[in-house]
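Structure data follow from query27.cif (mmCIF, C-alpha atoms and all ligand atoms):
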```
data_start
loop_
_atom_site.label_atom_id
_atom_site.label_comp_id
_atom_site.auth_asym_id
_atom_site.auth_seq_id
_atom_site.Cartn_x
_atom_site.Cartn_y
_atom_site.Cartn_z
CA MET A 4 27.55 11.38 -10.50
CA ARG A 5 28.66 11.39 -6.89
CA GLN A 6 26.43 10.77 -3.92
CA ILE A 7 27.18 13.43 -1.31
CA LYS A 8 24.54 12.99 1.33
CA ASN A 9 22.81 9.93 2.58
CA ASN A 10 19.49 10.49 4.25
CA ARG A 11 18.41 6.92 4.80
CA LYS A 12 16.45 7.50 7.98
CA ALA A 13 13.01 6.85 6.57
CA PHE A 14 14.12 3.70 4.78
CA ILE A 15 15.99 2.38 7.80
CA GLN A 16 13.02 3.14 10.05
CA LYS A 17 10.79 1.28 7.67
CA THR A 18 12.99 -1.76 7.13
CA GLY A 19 15.68 -1.88 9.81
CA LEU A 20 13.79 -3.74 12.51
CA ALA A 21 12.42 -6.23 10.04
CA LEU A 22 15.91 -6.86 8.64
CA MET A 23 17.39 -7.34 12.12
CA ALA A 24 14.63 -9.79 12.90
CA GLY A 25 15.25 -11.57 9.60
CA ILE A 26 11.68 -10.94 8.55
CA SER A 27 11.16 -10.89 4.82
CA LYS A 28 7.66 -9.95 3.84
CA PRO A 29 6.53 -8.06 0.73
CA LEU A 30 5.87 -4.35 1.17
CA VAL A 31 2.34 -3.56 0.15
CA GLY A 32 2.26 -2.35 -3.43
CA PHE A 33 5.99 -2.76 -4.04
CA GLY A 34 6.20 -6.32 -5.30
CA PHE A 35 9.52 -7.16 -3.64
CA THR A 36 10.82 -8.02 -0.22
CA GLU A 37 12.33 -5.90 2.53
CA LYS A 38 15.55 -7.94 2.32
CA SER A 39 16.39 -6.85 -1.21
CA PRO A 40 19.43 -4.51 -1.14
CA VAL A 41 18.67 -3.34 -4.66
CA ILE A 42 15.03 -3.52 -5.51
CA LYS A 43 14.02 -4.88 -8.86
CA GLY A 44 10.53 -5.29 -10.24
CA SER A 45 9.37 -8.02 -12.52
CA ASN A 46 11.12 -6.52 -15.58
CA ASN A 47 14.30 -5.59 -13.74
CA GLU A 48 12.95 -2.08 -13.30
CA LEU A 49 14.19 -0.12 -10.32
CA LYS A 50 10.95 1.32 -9.09
CA PRO A 51 9.42 3.30 -7.65
CA ILE A 52 11.83 6.20 -7.83
CA VAL A 53 11.62 9.99 -7.79
CA ILE A 54 14.38 12.44 -8.69
CA SER A 55 14.36 16.23 -8.51
CA THR A 56 16.59 19.24 -8.95
CA TRP A 57 18.70 20.93 -6.25
CA ASP A 58 18.89 20.23 -2.54
CA PHE A 59 15.34 21.43 -2.00
CA GLY A 60 14.47 18.31 -3.96
CA LEU A 61 15.10 16.28 -0.80
CA LYS A 62 12.02 17.72 0.93
CA ALA A 63 10.01 17.59 -2.27
CA ASN A 64 10.98 13.94 -2.79
CA GLU A 65 9.63 13.13 0.68
CA GLY A 66 6.23 14.38 -0.45
CA ALA A 67 6.37 12.42 -3.69
CA TRP A 68 7.56 9.27 -1.93
CA GLN A 69 4.48 9.25 0.32
CA VAL A 70 2.46 8.75 -2.86
CA LEU A 71 4.85 6.31 -4.58
CA LYS A 72 5.47 4.03 -1.59
CA ASN A 73 1.77 3.36 -1.30
CA GLY A 74 1.54 2.34 -4.93
CA GLY A 75 0.32 5.75 -6.09
CA ASN A 76 0.66 7.15 -9.60
CA ALA A 77 3.71 9.04 -10.81
CA ILE A 78 1.55 11.99 -11.87
CA ASP A 79 0.13 12.38 -8.34
CA ALA A 80 3.62 11.94 -6.89
CA VAL A 81 5.22 14.71 -8.93
CA GLU A 82 2.38 17.15 -8.28
CA THR A 83 2.46 16.41 -4.54
CA GLY A 84 6.25 16.61 -4.47
CA VAL A 85 6.77 19.97 -6.16
CA LYS A 86 3.91 21.51 -4.16
CA VAL A 87 6.14 21.12 -1.09
CA THR A 88 8.66 23.53 -2.64
CA GLU A 89 5.96 25.83 -4.01
CA ALA A 90 4.53 26.29 -0.51
CA ASP A 91 7.89 26.90 1.19
CA PRO A 92 8.61 30.63 1.68
CA ASN A 93 12.26 29.84 2.37
CA GLU A 94 12.71 28.64 -1.22
CA ARG A 95 12.96 31.95 -3.00
CA SER A 96 12.86 30.78 -6.59
CA VAL A 97 9.65 28.76 -6.61
CA GLY A 98 6.03 29.55 -5.73
CA TYR A 99 5.17 31.38 -2.52
CA GLY A 100 8.16 33.50 -1.47
CA GLY A 101 9.60 33.56 -4.98
CA ARG A 102 11.54 36.66 -5.98
CA PRO A 103 9.59 39.18 -8.04
CA ASP A 104 10.16 40.52 -11.52
CA ARG A 105 11.51 44.02 -12.16
CA ASP A 106 8.00 45.44 -11.61
CA GLY A 107 7.86 43.87 -8.15
CA LYS A 108 5.40 41.16 -9.20
CA VAL A 109 5.81 37.46 -8.41
CA THR A 110 4.95 35.61 -11.62
CA LEU A 111 5.02 31.83 -11.73
CA ASP A 112 5.62 29.26 -14.48
CA ALA A 113 4.84 25.53 -14.21
CA CYS A 114 4.05 22.47 -16.27
CA ILE A 115 3.18 18.82 -15.81
CA MET A 116 3.24 15.78 -18.13
CA ASP A 117 2.00 12.24 -17.63
CA HIS A 118 2.74 8.83 -19.17
CA GLN A 119 0.20 9.29 -21.98
CA PHE A 120 1.52 12.56 -23.44
CA ASN A 121 -1.09 14.56 -21.53
CA ILE A 122 0.35 17.99 -20.83
CA GLY A 123 -0.66 21.13 -18.99
CA SER A 124 1.14 24.38 -18.43
CA VAL A 125 0.76 27.90 -17.03
CA ALA A 126 3.06 30.87 -17.47
CA ALA A 127 3.26 34.33 -15.92
CA LEU A 128 0.62 33.35 -13.40
CA GLU A 129 0.21 35.70 -10.44
CA SER A 130 -1.30 35.30 -6.96
CA ILE A 131 -1.74 31.50 -6.96
CA LYS A 132 0.46 29.48 -4.63
CA HIS A 133 0.35 26.21 -6.57
CA PRO A 134 0.84 26.84 -10.29
CA VAL A 135 1.58 23.14 -10.85
CA SER A 136 -1.96 22.28 -9.76
CA VAL A 137 -3.36 24.90 -12.13
CA ALA A 138 -1.21 23.33 -14.87
CA ARG A 139 -2.71 19.96 -14.02
CA ALA A 140 -6.20 21.45 -14.21
CA VAL A 141 -5.33 22.88 -17.65
CA MET A 142 -4.27 19.36 -18.65
CA GLU A 143 -7.35 17.63 -17.31
CA LYS A 144 -10.14 20.15 -17.68
CA THR A 145 -9.51 22.21 -20.80
CA PRO A 146 -9.06 21.46 -24.51
CA HIS A 147 -5.79 23.43 -24.34
CA VAL A 148 -2.29 22.74 -23.06
CA MET A 149 -1.11 26.17 -21.91
CA LEU A 150 -2.67 29.25 -20.34
CA VAL A 151 -0.80 32.44 -19.52
CA GLY A 152 -1.14 35.61 -17.46
CA ASP A 153 -4.62 36.91 -16.71
CA GLY A 154 -6.24 34.04 -18.59
CA ALA A 155 -4.42 31.51 -16.41
CA LEU A 156 -5.47 33.40 -13.28
CA GLN A 157 -9.08 33.63 -14.43
CA PHE A 158 -9.08 29.89 -15.10
CA ALA A 159 -7.48 29.14 -11.72
CA ILE A 160 -10.15 31.12 -9.89
CA SER A 161 -12.88 29.35 -11.87
CA GLN A 162 -11.41 26.08 -10.61
CA GLY A 163 -11.58 27.14 -6.96
CA PHE A 164 -7.99 28.31 -6.45
CA THR A 165 -7.76 31.36 -4.18
CA LYS A 166 -5.73 34.50 -4.73
CA GLU A 167 -2.92 35.13 -2.24
CA ASN A 168 -0.12 37.61 -1.85
CA LEU A 169 3.00 35.65 -2.81
CA LEU A 170 5.48 38.48 -2.20
CA ILE A 171 6.95 37.88 1.24
CA GLU A 172 8.72 40.60 3.21
CA ALA A 173 12.21 39.21 2.52
CA SER A 174 11.58 39.26 -1.25
CA GLN A 175 10.13 42.76 -1.05
CA LYS A 176 13.28 43.95 0.75
CA GLU A 177 15.55 42.28 -1.81
CA TYR A 178 13.54 43.92 -4.55
CA GLU A 179 13.91 47.35 -2.99
CA GLN A 180 17.65 46.75 -2.74
CA TRP A 181 17.76 45.59 -6.35
CA LEU A 182 15.94 48.74 -7.51
CA ILE A 183 18.93 50.86 -6.47
CA LYS A 184 21.01 49.53 -9.40
CA SER A 185 18.30 47.68 -11.34
CA GLU A 186 20.83 45.39 -13.02
CA TYR A 187 19.69 42.08 -14.47
CA LYS A 188 22.54 39.67 -13.78
CA PRO A 189 21.42 36.10 -13.10
CA LYS A 190 24.00 34.22 -11.04
CA VAL A 191 25.36 30.88 -12.15
CA ASN A 192 26.27 29.47 -8.78
CA ILE A 193 24.53 27.23 -6.34
CA GLU A 194 22.70 30.07 -4.61
CA ASN A 195 20.75 30.46 -7.79
CA HIS A 196 18.41 27.51 -7.36
CA ASP A 197 15.87 28.45 -9.92
CA THR A 198 13.49 25.61 -10.56
CA ILE A 199 12.22 22.42 -9.07
CA GLY A 200 11.94 19.82 -11.80
CA MET A 201 10.80 16.38 -10.69
CA LEU A 202 10.55 13.02 -12.47
CA ALA A 203 8.94 9.86 -11.08
CA LEU A 204 8.55 6.22 -12.07
CA ASP A 205 5.76 4.49 -10.20
CA VAL A 206 5.27 0.82 -9.29
CA ASN A 207 3.25 0.30 -12.46
CA GLY A 208 6.23 1.44 -14.51
CA ASN A 209 4.67 4.75 -15.56
CA LEU A 210 6.68 7.94 -15.80
CA SER A 211 5.55 11.53 -15.14
CA GLY A 212 7.20 14.87 -14.53
CA ALA A 213 6.54 18.36 -13.21
CA CYS A 214 8.47 21.59 -13.25
CA THR A 215 7.76 24.86 -11.40
CA THR A 216 9.52 28.16 -10.79
CA SER A 217 9.16 31.86 -10.16
CA GLY A 218 11.70 32.29 -12.94
CA MET A 219 14.77 34.44 -12.95
CA ALA A 220 14.75 37.07 -10.21
CA PHE A 221 14.06 40.61 -11.49
CA LYS A 222 13.28 39.40 -15.00
CA MET A 223 11.27 41.62 -17.35
CA HIS A 224 7.57 41.54 -16.59
CA GLY A 225 6.09 38.93 -18.94
CA ARG A 226 9.34 37.00 -19.37
CA VAL A 227 8.77 33.25 -19.56
CA GLY A 228 11.58 30.72 -19.13
CA ASP A 229 11.91 27.08 -20.04
CA SER A 230 10.07 25.64 -17.05
CA PRO A 231 6.51 25.79 -18.42
CA ILE A 232 7.56 24.92 -21.98
CA ILE A 233 6.97 21.24 -22.71
CA GLY A 234 10.06 19.92 -24.51
CA ALA A 235 12.32 22.58 -22.99
CA GLY A 236 11.89 22.46 -19.21
CA LEU A 237 10.25 19.02 -19.14
CA TYR A 238 9.56 16.04 -21.35
CA VAL A 239 8.21 12.55 -20.73
CA ASP A 240 7.98 9.63 -23.14
CA ASN A 241 6.69 6.63 -21.25
CA GLU A 242 8.41 4.19 -23.62
CA ILE A 243 11.82 5.78 -23.12
CA GLY A 244 12.28 8.11 -20.17
CA ALA A 245 11.85 11.61 -18.85
CA ALA A 246 14.00 14.70 -18.41
CA THR A 247 13.79 18.11 -16.82
CA ALA A 248 16.00 21.18 -16.72
CA THR A 249 17.16 23.93 -14.41
CA GLY A 250 19.21 27.03 -15.05
CA HIS A 251 19.11 29.74 -17.67
CA GLY A 252 15.81 29.09 -19.38
CA GLU A 253 16.64 31.02 -22.53
CA GLU A 254 19.48 28.58 -23.28
CA VAL A 255 17.28 25.55 -22.61
CA ILE A 256 14.49 26.83 -24.86
CA ARG A 257 17.03 27.52 -27.61
CA MET A 258 17.84 23.81 -27.92
CA THR A 259 14.57 22.28 -26.58
CA GLY A 260 16.67 20.65 -23.88
CA SER A 261 14.49 18.08 -22.15
CA HIS A 262 13.10 16.70 -25.40
CA LEU A 263 16.65 16.35 -26.69
CA VAL A 264 17.69 14.41 -23.58
CA VAL A 265 14.77 12.00 -24.04
CA GLU A 266 15.59 11.56 -27.74
CA LEU A 267 19.22 10.83 -26.85
CA MET A 268 18.02 8.15 -24.44
CA ARG A 269 15.89 6.77 -27.27
CA MET A 270 19.10 6.44 -29.28
CA GLY A 271 20.53 4.29 -26.50
CA TYR A 272 22.41 6.74 -24.32
CA SER A 273 22.24 6.31 -20.56
CA PRO A 274 20.44 9.11 -18.67
CA GLU A 275 23.76 10.61 -17.59
CA LYS A 276 25.33 10.44 -21.06
CA ALA A 277 22.18 11.90 -22.63
CA CYS A 278 22.29 14.83 -20.17
CA LYS A 279 26.00 15.31 -20.91
CA LYS A 280 25.45 15.43 -24.67
CA ALA A 281 22.64 17.97 -24.23
CA VAL A 282 24.90 20.15 -22.09
CA GLU A 283 27.63 19.89 -24.73
CA ARG A 284 25.06 21.10 -27.27
CA ILE A 285 24.40 24.18 -25.13
CA ILE A 286 28.11 24.87 -24.91
CA GLY A 287 28.47 24.46 -28.69
CA ILE A 288 25.61 26.88 -29.35
CA CYS A 289 27.14 29.39 -26.93
CA LYS A 290 30.43 29.19 -28.83
CA GLN A 291 28.65 29.73 -32.15
CA ARG A 292 26.92 32.78 -30.70
CA ASN A 293 30.13 34.13 -29.13
CA LYS A 294 28.59 34.02 -25.68
CA ASN A 295 30.67 33.44 -22.58
CA ILE A 296 29.73 30.00 -21.30
CA ARG A 297 30.95 31.00 -17.83
CA ASP A 298 27.88 33.23 -17.59
CA ILE A 299 25.58 30.27 -18.10
CA GLN A 300 24.45 27.41 -15.93
CA VAL A 301 22.09 24.71 -17.09
CA GLY A 302 21.57 21.34 -15.45
CA PHE A 303 19.55 18.39 -16.70
CA ILE A 304 18.32 15.38 -14.78
CA ALA A 305 16.95 12.29 -16.51
CA LEU A 306 15.24 9.04 -15.57
CA ASN A 307 14.72 6.16 -17.95
CA LYS A 308 12.01 3.53 -18.13
CA LYS A 309 14.21 1.08 -16.23
CA GLY A 310 14.59 3.45 -13.28
CA GLU A 311 18.17 4.39 -14.13
CA PHE A 312 18.92 8.06 -13.55
CA GLY A 313 21.63 10.61 -14.25
CA SER A 314 22.48 14.26 -14.58
CA TYR A 315 24.93 16.72 -16.11
CA CYS A 316 25.40 20.47 -15.91
CA VAL A 317 27.48 23.17 -17.59
CA GLN A 318 29.56 24.14 -14.57
CA SER A 319 29.94 22.96 -11.01
CA GLY A 320 27.37 23.69 -8.33
CA PHE A 321 24.31 21.74 -9.40
CA GLN A 322 22.93 18.98 -7.20
CA TYR A 323 19.89 16.77 -7.39
CA ALA A 324 17.96 14.52 -5.04
CA VAL A 325 17.05 10.87 -5.61
CA TYR A 326 14.59 8.89 -3.51
CA ASN A 327 14.47 5.16 -4.17
CA GLN A 328 14.84 2.01 -2.12
CA ASN A 329 18.25 3.25 -0.98
CA GLY A 330 16.69 6.25 0.74
CA ASN A 331 16.59 9.93 -0.10
CA ASN A 332 20.03 11.08 -1.22
CA LEU A 333 21.60 14.18 -2.63
CA HIS A 334 23.88 13.73 -5.65
CA LYS A 335 26.39 16.09 -7.14
CA SER A 336 26.00 16.50 -10.88
CA ASP A 337 29.08 16.22 -13.05
CA HIS A 338 29.88 19.25 -15.15
CA VAL A 339 31.47 19.87 -18.54
CA ILE A 340 33.51 23.03 -17.88
N1 LIG A 401 14.87 27.69 -15.54
C1 LIG A 401 14.00 28.64 -15.03
C2 LIG A 401 13.92 29.87 -15.79
O1 LIG A 401 14.79 30.16 -16.60
O2 LIG A 401 12.97 30.60 -15.60
#
```

Go through the file and emit its structure as C-alpha cells.
Ligand code: GLY
Amino acid sequence: MRQIKNNRKAFIQKTGLALMAGISKPLVGFGFTEKSPVIKGSNNELKPIVISTWDFGLKANEGAWQVLKNGGNAIDAVETGVKVTEADPNERSVGYGGRPDRDGKVTLDACIMDHQFNIGSVAALESIKHPVSVARAVMEKTPHVMLVGDGALQFAISQGFTKENLLIEASQKEYEQWLIKSEYKPKVNIENHDTIGMLALDVNGNLSGACTTSGMAFKMHGRVGDSPIIGAGLYVDNEIGAATATGHGEEVIRMTGSHLVVELMRMGYSPEKACKKAVERIIGICKQRNKNIRDIQVGFIALNKKGEFGSYCVQSGFQYAVYNQNGNNLHKSDHVI
C-alpha cells in the first residue's frame, strides 16, 4: 500500500490554527484531542474512518466524512458518500451519466449493509439517480433484501423517488460509436473505474458499507455484476470488518469475494493480507479455467473493526481513497501480477 496523494486541506484547516496556538480541546463527538497525531479511541480503534474505491472515492469520502466527523452513523455516511458519485455525470460508470448496456439503457446495481446484518439491494434498476437509496429503502421498508428491474423501479416510485433520464449526451455518443463494432471487451486498466464501494467505521465503532455501479459498459441487457450481490461486491461483519470489490463482477461472484475477505480477517489476516489472499484465489480459479488473467482486473478494499485498512488487486492500476484523521488521501493498491 503506497500513499500517492495527500489532500490534508480540510484536516489542516480544522486543526492547524489550534495546533499552532497550542490549543488542545476535544473535537465534538470524536473523543480525542486535536493534538493527537494518530487518533485512537478508547479501545485503540482508529475511528472514524471511511475508505472507498478509485480516485472518485476522494470526493465521495468528503461526503461521508461530513456525517462521520459530526458523530454520525456509518450507514448514513456510506449512503451519503456514494450518492456523491452517483450524482456526478462525469463519473461514467456509476449512477447518472453511467454508460448504457448494449440496448442503450442505463441500468444500475447497488447494495448497502449495516452493522447488524441488515441488507438491501437493487439490480438492473433504470431511471433512478440514487440506486443506493432505493437499496436502503429495500433494507428498511420491505421484508425482502433484493429487488430487480421493473419491480425495483415500481418500489422506488412508491417510495417517492422520481424517474429521470440517466443517459447523458456523452454516453449516448459513446454508445453510438460502440454500435459500429458492437464488441464487448471490458478494459482492465485504470480508465475502467467501474464501481464505487465504500466502507466506514463510525465513532461508535460500527461498520457499514455500500456499493453502486452502472456495471460493465455495453453489457447484455439484464446482466448483473457483483456490486449488488451481498457477499460478492460487499460484506460487513461488525465483529470483524468489512470488504468491498471493484472490477470484473463475474470473477468476484464466482468466489464470493467480499465475504471471503471478511472471513480471512476473521482468521487473523490483516485487511491487506486478506485482500491479497482473495486476489490470489481469483488468479488460481482463472488458471483452473484456462482463462487469461491479464484480461481480468479485480480490486478489494477492506477495513477491520480496529480501523486498520488495506487493499490488493490483480494487476496494477487500482487506487483507493482513505479519509481519517490524517486527511483524505489516495492510495495505490498493490497487485499480484
Ligand atoms: N464490478 C462491477 C460489475 O462488474 O458490474

Item to check | Residue nearest Arg105 (chain A) - candidates A:Thr165, A:Asn121, A:Asn73, A:Ser174, atoms counted: all atoms listed in the file | outcome: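 Of the candidates, the smallest distance to Arg105 (chain A) is held by A:Ser174.
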
Next on the checklist: Need the shell around region 281-290 of chain A: protein/DNA/RNA residues with any atom at most 7 Å away, counting only C-alpha atoms. Skip same-chain ones fewer than 6 positions apart. Format as a PyMOL selection string?
Outcome noted: chain A and resi 254+260+263-264+296+315-317

Item to check | d(CA of Glu65 (chain A), CA of Lys132 (chain A)) in Å | outcome: 19.5 Å

Non-local contacts of Asn307 (chain A) (8 Å; all atoms listed in the file; under 5 positions in same chain excluded) as a tab-separated table (two decimals) with C-alpha atoms, in the coordinates of the input:
```tsv
chain	number	residue	atom	x	y	z
A	243	ILE	CA	11.82	5.78	-23.12
A	244	GLY	CA	12.28	8.11	-20.17
A	245	ALA	CA	11.85	11.61	-18.85
A	268	MET	CA	18.02	8.15	-24.44
A	273	SER	CA	22.24	6.31	-20.56
A	274	PRO	CA	20.44	9.11	-18.67
A	312	PHE	CA	18.92	8.06	-13.55
```

Checklist entry - Please, which residues have at least one atom within 8 Å of an atom of ligand LIG 401 (chain A), using all atoms listed in the file, listed as a ChimeraX atom specification? => result /A:112,197-198,216-219,227-230,236,248-253,255,301

Output file for the residues above (C-alpha atoms, as a PDB file, in the frame of the given file):
```pdb
ATOM      1  CA  ASP A 112       5.620  29.260 -14.480  1.00  0.00           C
ATOM      2  CA  ASP A 197      15.870  28.450  -9.920  1.00  0.00           C
ATOM      3  CA  THR A 198      13.490  25.610 -10.560  1.00  0.00           C
ATOM      4  CA  THR A 216       9.520  28.160 -10.790  1.00  0.00           C
ATOM      5  CA  SER A 217       9.160  31.860 -10.160  1.00  0.00           C
ATOM      6  CA  GLY A 218      11.700  32.290 -12.940  1.00  0.00           C
ATOM      7  CA  MET A 219      14.770  34.440 -12.950  1.00  0.00           C
ATOM      8  CA  VAL A 227       8.770  33.250 -19.560  1.00  0.00           C
ATOM      9  CA  GLY A 228      11.580  30.720 -19.130  1.00  0.00           C
ATOM     10  CA  ASP A 229      11.910  27.080 -20.040  1.00  0.00           C
ATOM     11  CA  SER A 230      10.070  25.640 -17.050  1.00  0.00           C
ATOM     12  CA  GLY A 236      11.890  22.460 -19.210  1.00  0.00           C
ATOM     13  CA  ALA A 248      16.000  21.180 -16.720  1.00  0.00           C
ATOM     14  CA  THR A 249      17.160  23.930 -14.410  1.00  0.00           C
ATOM     15  CA  GLY A 250      19.210  27.030 -15.050  1.00  0.00           C
ATOM     16  CA  HIS A 251      19.110  29.740 -17.670  1.00  0.00           C
ATOM     17  CA  GLY A 252      15.810  29.090 -19.380  1.00  0.00           C
ATOM     18  CA  GLU A 253      16.640  31.020 -22.530  1.00  0.00           C
ATOM     19  CA  VAL A 255      17.280  25.550 -22.610  1.00  0.00           C
ATOM     20  CA  VAL A 301      22.090  24.710 -17.090  1.00  0.00           C
TER      21      VAL A 301
END
```

Checklist entry - Rounded to one decimal in Å, what is the spacing between CA of Val135 (chain A) and CA of Ile78 (chain A)? => result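 Computed distance, CA of Val135 (chain A) to CA of Ile78 (chain A), equals 11.2 Å.
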